[in-house]
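S.K.: A single structure is presented below for examination.
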Amino acid sequence: MAQNVLTELQNIPDAWTRVDKLLDNPAVSTSTKYYGLQIMENMIRYRWKTLARQTSEQVKNYIVNKVIELSSDAQILHRERTYVSKLNLILVQIVKQEWPSNWRGFISEIVGASKSSVSLCENNMQILSLLSEEVFEFSSGQMTQDKILELKNQFNDEFSLVFQLCQYVFGLAPELRDSNPSLLVATLRTLERFLSWIPLGYIFETQLIETLTSFILQPQLRKSALRCLVEIGSLSVGYEYDGRFIVLYMSFMTNLLSVLPISTDIAGAYAESDDETQNFVMDLALFLTGFFRSHLGLLDRDNHESRQALITGNEYLVKISTIEDVEVFKICLEWWHYLSEELYESESVVKIHGGPLALANPINSRKNLFDAVLSAVRRILISRMAKPEEVIIVEDENGEIVRETTKDTDAIALYKTMRETLVFLTHLNTEDSEMIMLLKLSRQMDGSEWSWSSLSSLCWAVGSISGAMSEEDEKKFLVKVIKDLLHLCEIKRGKDNKAVVASNIMYVVSQYPRFLRAHWKFLKTVVNKLFEFMHESHPGVQDMACDTFLTISQKCRRKFVALQIGETQPFIVEILENIREIINELEPHQVQSFYESCGCVIASVQEVENRNQLVQRLFQLPNHLWIEIIQTAGVSPDTLRQRETMKKLANILKTNERAASSLGGPYLIQLKEIYVDMLRLYRVYSDYISAEVAASGPLATKKADTRNMRAVKKEILRVVESFLSAAEERDRAVILTEVVEPITEPILQNYFMSIPDARDAEVLSLFTQVITYMNGLPDPAVRLIFQSVFGVTLEMVTKNFEDYPDARLQFFSFLRAVNQYNFAVLFSLDPDPSKAEQNFQLVINAIVWAFKHTEKNVAETGLQILLELLLNVEKSQYIGYFYKTYFKLLLNDVFAVLTDTLHRPGFKRHVQILAQLIKVVQSGRIQEPMWDQQNPQEVALASYGASMPSNPTYVRAHMIKLLSSAFPNLSEAQIMNVVKGMLEIPDDRLLKSHVRDFLVQTKEFSAGDNTDLFDEERQAQLIEEQKAANDRLLRTPGLIPPVRIDDEMAGT
């Protein structure tokens, strides 16, 4: 009840005028005062510009006096810290509105007041810190670009006063250390916020560096001072301050050795320390890694003292890298990744003819300087290697070996960085990496270091460096590793032990396709070992065996189909001869994976007749069971209603679907074998379901038997869709007549006649794929599909935003495919022109409904359809009709989602659509009047401020009217400026910036997370970063795992 009253109070426009009475009343609780301040904050954010000048001055003075009153007394400040912090935020919001134009003396006033009281100074430091955050860190999306620039410039211009205040406080350090250390800490924290943007002279042309490094010796100030040094040490500036950076590092290391000797067991001490000490160690890692990344070249020059200090700093990082805390380890790992890559790049020369990179080895090279450090890093990385994504057998929290049920995305990301680092380290010293790994493996063999985790980390490390050695070195190394692992699998007893060893064997061999392709006997031995593992009952082993077989099949597929020396037939023939024995203990989903693997191999056979024979042999087992079921059903149709029969049919179809996806075009011969029966089954189960619904109503679709029938129907659809997604363009004519046409009528008829709960979204997905694969269908076929699925599906998905989510997404994907490949037919969906127009109106309504949807995927698809539709319309004969009929509707609805915070992620598309709509009108291509000539108000808008009515004039006036009514908090001048920019700014980037500024001025967007408004820039940056990353990966053998390389000649 009380919450409802407070909420109602907040919605009263003048409620803020009573807040001062609330704050001044000592009987009012802190929580109530806090709520009053929220009301005040809302007024300042959204209505400040509407206040009279005198009123805004009164509010400002009241808040300032209240802050001074509460922070001038240390005891009150400590007791009311939460309350004062909220007041500080309110004051900063006022400063953002008033400074500098109406409060030019703000900085000088706050600095001057700070010298009158220690507690007031401490609180003022927090205010300055908050202001720095608001202006330099959180301003994007919260203020207009012009306002952000104005505040940044003003802060820079007046920073000397703030810096003098910091120096004043640091000058009092000897006195404050014992009496008021909290002021020194507050000043250091405030300074930390400034260091990323203040002019460099304040840092390097004063005694600030000496002051901060001296604070490292003071336990109370150490952590805050180090945070400041982290910021300074990471700065990348010109050469003029190189000397000061060296002074910073050398002074810091001298003091660090005093407080934390290099002999300290940092990992042990960390495990037993409090949070304060642990945070110091993490900040130490941040300082060292940040400084080295930015200034490594300064320290490894000929100066012996600085080179020794550099090595000492890295020795600290080696010790910190042994800490169990993953977040601390990640900080160090980023540095080891950077250092190893830097050393590799600097030590490498590319051979003239584009051969592999060869390492130079000058006597005094940087690599030699780091040899001992890098060897220690190799040992650490190998001993704590993260789990790769491919490994699905893990040790749980109870120490038991189980199958992984969810992917650990953090571990996968960590593995990627560790793998790349180890690849660089292996290039730098292959012998050392090999020696460490083989030594650890020998200790696994003799049992001195045997454990599940240590063996797994070692094998993950072995797999990670695939491609980093020369082929000859890789051969010698891998023969030793695989032989030892196979032997270990034989000698270890216990189900869990064998499962761990098997998992690691499978991971290692899957990572070295080059080795397997070059050594046929090893390849055959490994694959036969996988077939053994497929009979292993331990959870996860069979899954991983099937996954590994799929990987090897993809990378070595031609080795399976070629006749190898010493063999009497290709290996794939041998596999097919023994397929029953190989798969007889596999689960259905594992069998399906096995068939996908075989399909991948068979697809590489070039000779058509031989390939067809292999396809037929591959499907002998499932086809035999299929024929048996069909023949039995012919005698006794009721057997098709048995759950076991339906389960068998679904599994056979899933097997076909997986094989079709890997076989592609060659699957057609198998599809013909079962296609007629598939269509019959589709009709039979459709009839069964219809009969159940007629007897029991919609609830029939929830029954187990009905769900099983629908599962068979869905799998039939998926088989055809998977085949089409992998089929080749040259087979289009055959597929149209032999696959698409026979299936169209029964599927569409059943879909149209079924109740909503019995319709399968897979139908929509299939016809989306049909249209895409065929690059468009004949108009009559599209009309038939449209008439069968569009209206009934639209009625299903538009009743609310929750029901039929799969159908909803597939429906709009289908609509997009029609627009892409059969655009013109959208205007002639019915021979009757009036009905055709009604149908097109439904299409537009569906698109609008889609981009208004709160589900991101649906909204994004709707926006994409609309943009593509507009581009198609612009090039068509329908442009005049379309813009006259639908322009206003679409403009209004696009503005509705543009200004709705729930649709922030669609900002990029919103602006693109807005620009396209406006561009076509402004170009003058629309000759027909777009306004209602019978409506005087519309006519007036078309003539607004012009001698003659025109479409551009009408659009301008309509936009002004629309935005003025929607945003009463914006002035007329603001609205005019917004519309003017939208109509006149030709550059897409500038237009997006202009629209962002407009949204930030609205009440809805002025608070909250507006990062989605900058999503396009982030995506563009990510694309650039990805391109640079790909270029980097291609330069270094092994950085792209060989198993990830799409090698068209795999197995040759």
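Starting from 1 in every chain, residues are counted up; chains themselves are A, B, ... following the order of the structure tokens, and ligands are numbered from 1 as listed.
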Find the residues around range 451-458 of chain A up to 7 Å (only C-alpha atoms counted), leave out those fewer than 4 positions away in its own chain, and share them as a compact mmCIF listing (two decimals) with N, CA and C atoms, in the first residue's frame.

M.R.:
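For reference, part_37.txt as written:
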# COMPACT_ATOMS: atom_id res chain seq x y z
N ILE A 382 50.99 -25.69 -19.76
CA ILE A 382 50.77 -27.12 -20.02
C ILE A 382 50.12 -27.79 -18.82
N SER A 383 50.49 -27.36 -17.62
CA SER A 383 49.97 -28.01 -16.42
C SER A 383 48.55 -27.56 -16.07
N ARG A 384 48.13 -26.40 -16.57
CA ARG A 384 46.77 -25.95 -16.24
C ARG A 384 45.95 -25.61 -17.49
N MET A 385 46.23 -26.32 -18.59
CA MET A 385 45.53 -26.07 -19.85
C MET A 385 44.02 -26.22 -19.66
N ALA A 386 43.26 -25.27 -20.21
CA ALA A 386 41.80 -25.30 -20.09
C ALA A 386 41.22 -26.36 -21.02
N MET A 437 56.42 -31.58 -22.50
CA MET A 437 55.26 -32.45 -22.68
C MET A 437 55.62 -33.92 -22.56
N GLN A 444 53.22 -39.64 -16.38
CA GLN A 444 51.90 -40.26 -16.37
C GLN A 444 52.04 -41.77 -16.55
N VAL A 462 48.82 -30.87 -25.78
CA VAL A 462 49.37 -31.55 -26.97
C VAL A 462 48.49 -31.25 -28.18
N VAL A 500 38.82 -41.67 -19.14
CA VAL A 500 39.64 -40.46 -19.23
C VAL A 500 40.71 -40.61 -20.31
N ASN A 504 41.05 -38.55 -23.98
CA ASN A 504 42.24 -37.79 -24.37
C ASN A 504 42.85 -38.30 -25.67

S.K.: Would you kindly return, as a PyMOL selection string, each protein, DNA or RNA residue with an atom no farther than 10 Å from any atom of range 162-175 of chain A, considering only C-alpha atoms and excluding same-chain residues fewer than 4 positions away?

M.R.: chain A and resi 107-108+110-112+114-115+118+121-122+125+128+155+158+179-181+183-184+187-188+190-191+194+198+202-203+206-208+211-212+215

S.K.: Quick one: everything within 12 Å of Ile565 in chain A, counting only C-alpha atoms, minus sequence neighbours fewer than 5 positions away in the same chain. Send it as a PyMOL selection string.

M.R.: chain A and resi 519-521+559+570-571

S.K.: Select from range 793-932 of chain A everything DSSP, run on the backbone, classes as alpha helix (DSSP H), then give the selection as a PyMOL selection string.

M.R.: chain A and resi 793-797+805-821+833-851+856-874+879-898+907-922

S.K.: Hey, what's within 12 Å of Ile482 in chain A if we count only C-alpha atoms and toss same-chain stuff fewer than 2 positions away? As JSON, numbers by chain, please?

M.R.: {"A": [438, 441, 459, 462, 463, 474, 475, 476, 477, 478, 479, 480, 484, 485, 486, 487, 488, 489, 501, 502, 504, 505, 506, 507, 508, 509, 510, 512, 515, 516, 522, 523, 525, 526, 529]}

S.K.: Taking only C-alpha atoms into account, which of A:Ile311, A:Val185, A:Val608, A:Leu586 comes nearest His535 in chain A?

M.R.: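 The closest residue to His535 in chain A is A:Leu586.
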
S.K.: Applying 7 Å and only C-alpha atoms, which residues near Ile63 in chain A remain after dropping the ones on its own chain fewer than 4 positions away? List them as an MDAnalysis selection string.

M.R.: chainID A and resid 59 67 91

S.K.: Restricting the output to all heavy atoms, write the selected residues as a compact mmCIF listing (two decimals), in the first residue's frame.

M.R.:
# COMPACT_ATOMS: atom_id res chain seq x y z
N VAL A 59 16.50 25.78 -6.52
CA VAL A 59 16.72 24.34 -6.36
C VAL A 59 18.21 24.04 -6.26
O VAL A 59 18.66 23.28 -5.39
CB VAL A 59 16.09 23.56 -7.54
CG1 VAL A 59 16.45 22.08 -7.44
CG2 VAL A 59 14.59 23.74 -7.56
N VAL A 67 24.11 19.57 0.75
CA VAL A 67 25.32 18.77 0.67
C VAL A 67 26.38 19.29 1.62
O VAL A 67 27.02 18.53 2.36
CB VAL A 67 25.86 18.74 -0.79
CG1 VAL A 67 27.25 18.11 -0.84
CG2 VAL A 67 24.91 17.98 -1.69
N LEU A 91 23.24 16.50 -7.23
CA LEU A 91 24.02 17.71 -7.53
C LEU A 91 24.73 17.58 -8.87
O LEU A 91 24.76 18.53 -9.67
CB LEU A 91 25.05 17.94 -6.41
CG LEU A 91 25.97 19.17 -6.57
CD1 LEU A 91 25.15 20.45 -6.72
CD2 LEU A 91 26.93 19.29 -5.39

S.K.: Can you measure CA of Thr32 in chain A to CA of Ile12 in chain A for me? One decimal in Å is fine.

M.R.: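 Atom-to-atom, CA of Thr32 in chain A and CA of Ile12 in chain A are spaced 16.5 Å apart.
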
S.K.: Closest to Glu574 in chain A among A:Lys647, A:Arg710, A:Lys86, A:Lys524, using only C-alpha atoms?

M.R.: A:Lys524

S.K.: Considering only C-alpha atoms, can you say which of A:Ile331, A:Ile39, A:Val391, A:Ala824 comes closest to Met418 in chain A?

M.R.: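 For Met418 in chain A, the nearest of the candidates is A:Ile331.
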
S.K.: With distances taken over only C-alpha atoms, which residue among A:Ile844, A:Thr861, A:Ile68, A:Val897 lies nearest Phe882 in chain A?

M.R.: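 Under the stated criterion, the closest residue is A:Ile844.
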